[in-house]
Amino acid sequence: MSVATEPVITEQTCLICGLENEPESMVCAECFAPMELAVQAIRQQAVPNIISVFGDSNVGKTVYLGMLLDILSKHPEDLTAVAKGVYSIDLQASLVMHLAMRKFPPKTPSEPDHWEWVYYQITQERAKGRGRKQPEKQCDLIMPDLAGEALAAELAEPRSFQVIVSLLGISAGIMVLVDTLQARSGNAYQDFFALKLLSYLDDIVGGTRKQKIRKPIAIVLSKADQCEEAFDDPERFAKTNLNRLWNFCYTRLENFQFFATGVVGAQGYILDEDENRVAIPLYVEPRNVLEPFRWVFSRVS
């Protein structure tokens, strides 16, 4: 496979796959990314860096990404984040409101034209003296909330979702979410899924046998609030419970790190009207949500 090239920013050119669209197009005809992304990039007069969050279905991507955006919007420590475009607020608003009602947000639709996209302008500041700060690094970031089912379909049949191929190629940094609870239970599916994803990434952007993938990649152990040993030592947990993934990282990745994160401090279960067991968040207690993003962001030029 050839490496995806960075698209030229015009109002008709898709920022994700580079397709030239009709002037009246609202979404790209090829990958269904919103054309508003290109409009915002032109307004900011900067080529944005894309950090993508990937993972299997039900690993908690929407919950993690929504909480991450909510924390960033509150300007934690040295980071300032400003949403560009009203559509960028929808994902975090939906998550916060669902959690307030003790509900998890609905699953992300498999169709790319129904995915939520966010465009944020991030500024990292450092102390200048007397409480003053000055910008140290500025970066425009785009992050999509893509469906795990679509990713699984792409891995099963490559190039069936052009938006995923393009995102893997042009993303400046990647966060891969892995379900901690499944991994701890001995279920090897999460190990194989993440391994397939990184192997596919290697096909797209990897070099020769001696040239490793240079993108910063954070392996994020999600739902670790229910698995304390993952917080104690994320890499040791991965080596023990996700050994295939761990070995691939050391073999083919040049810039990676393991993290454990959690959003919901505790959850319970209720039966719906069809007698199906449904998980409900009892209270929210974000842990290490910002750390994987901060690590990737610090390594994105």
# chains A, B, ... in the order shown; residues from 1 in each chain; ligands from 1

call {"tool": "residues_around", "arguments": {"residues": "A:Asp56", "least_positions_apart": "5", "cutoff": "10 Å", "atoms": "only C-alpha atoms", "output": "number ranges by chain"}}
result
A: 61, 147-152, 176-179, 189-190, 193-194, 197

call {"tool": "write_last_selection", "arguments": {"atoms": "C-alpha atoms", "output": "tab-separated table (two decimals), in the first residue's frame"}}
result
chain	number	residue	atom	x	y	z
A	61	LYS	CA	-14.00	5.15	22.58
A	147	ALA	CA	-17.30	3.12	14.97
A	148	GLY	CA	-15.51	-0.04	16.07
A	149	GLU	CA	-17.69	-2.10	13.73
A	150	ALA	CA	-16.46	-0.05	10.78
A	151	LEU	CA	-12.85	-0.60	11.85
A	152	ALA	CA	-13.46	-4.34	12.16
A	176	VAL	CA	-5.43	2.63	20.41
A	177	LEU	CA	-8.00	1.67	23.05
A	178	VAL	CA	-8.03	-1.90	24.40
A	179	ASP	CA	-10.67	-3.31	26.75
A	189	TYR	CA	-9.80	-11.21	21.07
A	190	GLN	CA	-8.64	-7.75	22.22
A	193	PHE	CA	-7.76	-7.02	17.30
A	194	ALA	CA	-5.14	-4.49	18.36
A	197	LEU	CA	-4.88	-2.88	13.62

call {"tool": "residues_around", "arguments": {"residues": "A:Glu22", "least_positions_apart": "4", "cutoff": "12 Å", "atoms": "only C-alpha atoms", "output": "list in words"}}
result
Thr10, Glu11, Gln12, Thr13, Cys14, Met26, Val27, Cys28, Ala29, Glu30 and Met35 of chain A

call {"tool": "closest_residue", "arguments": {"among": "A:Leu201, A:Leu72, A:Val296, A:Leu99", "to": "A:Ala279", "atoms": "only C-alpha atoms"}}
result
A:Leu99

call {"tool": "residues_around", "arguments": {"residues": "stretch 203-216 of chain A", "least_positions_apart": "2", "cutoff": "9 Å", "atoms": "only C-alpha atoms", "output": "ChimeraX atom specification"}}
result
/A:1-4,165,168-169,171-175,198-201,218,251-257,295-297,299-300

call {"tool": "select_by_dssp", "arguments": {"residues": "stretch 219-256 of chain A", "states": "strand (DSSP E)", "output": "list in words"}}
result
Ile219, Val220, Leu221, Ser222 and Phe256 of chain A

call {"tool": "closest_residue", "arguments": {"among": "A:Pro281, A:Pro144, A:Pro76, A:Gly55", "to": "A:Ile16", "atoms": "only C-alpha atoms"}}
result
A:Pro144

call {"tool": "select_by_dssp", "arguments": {"residues": "stretch 67-261 of chain A", "states": "alpha helix (DSSP H)", "output": "ChimeraX atom specification"}}
result
/A:67-73,90-100,148-156,162-170,180-184,189-205,228-232,234-241,243-252

call {"tool": "closest_residue", "arguments": {"among": "A:Arg184, A:Leu155, A:Val163, A:Tyr64", "to": "A:Thr240", "atoms": "only C-alpha atoms"}}
result
A:Arg184

call {"tool": "residues_around", "arguments": {"residues": "A:Asp232", "least_positions_apart": "2", "cutoff": "12 Å", "atoms": "only C-alpha atoms", "output": "list in words"}}
result
Leu221, Ala224, Asp225, Cys227, Glu228, Glu229, Ala230, Pro234, Glu235, Arg236, Phe237, Ala238, Phe258, Phe259, Ala260, Thr261 and Asn288 of chain A

call {"tool": "closest_residue", "arguments": {"among": "A:Glu154, A:Met67, A:Ser166, A:Ser94", "to": "A:Gly18", "atoms": "only C-alpha atoms"}}
result
A:Ser166

call {"tool": "atom_distance", "arguments": {"atom1": "atom CA of A:Pro34", "atom2": "atom CA of A:Pro292"}}
result
26.2 Å

call {"tool": "closest_residue", "arguments": {"among": "A:Val289, A:Leu69, A:Cys17, A:Ala188", "to": "A:Asn241", "atoms": "only C-alpha atoms"}}
result
A:Ala188

call {"tool": "atom_distance", "arguments": {"atom1": "atom CA of A:Thr80", "atom2": "atom CA of A:Glu291"}}
result
14.8 Å

call {"tool": "closest_residue", "arguments": {"among": "A:Ala33, A:Ala266, A:Ser160, A:Gln121", "to": "A:Pro286", "atoms": "only C-alpha atoms"}}
result
A:Ala266
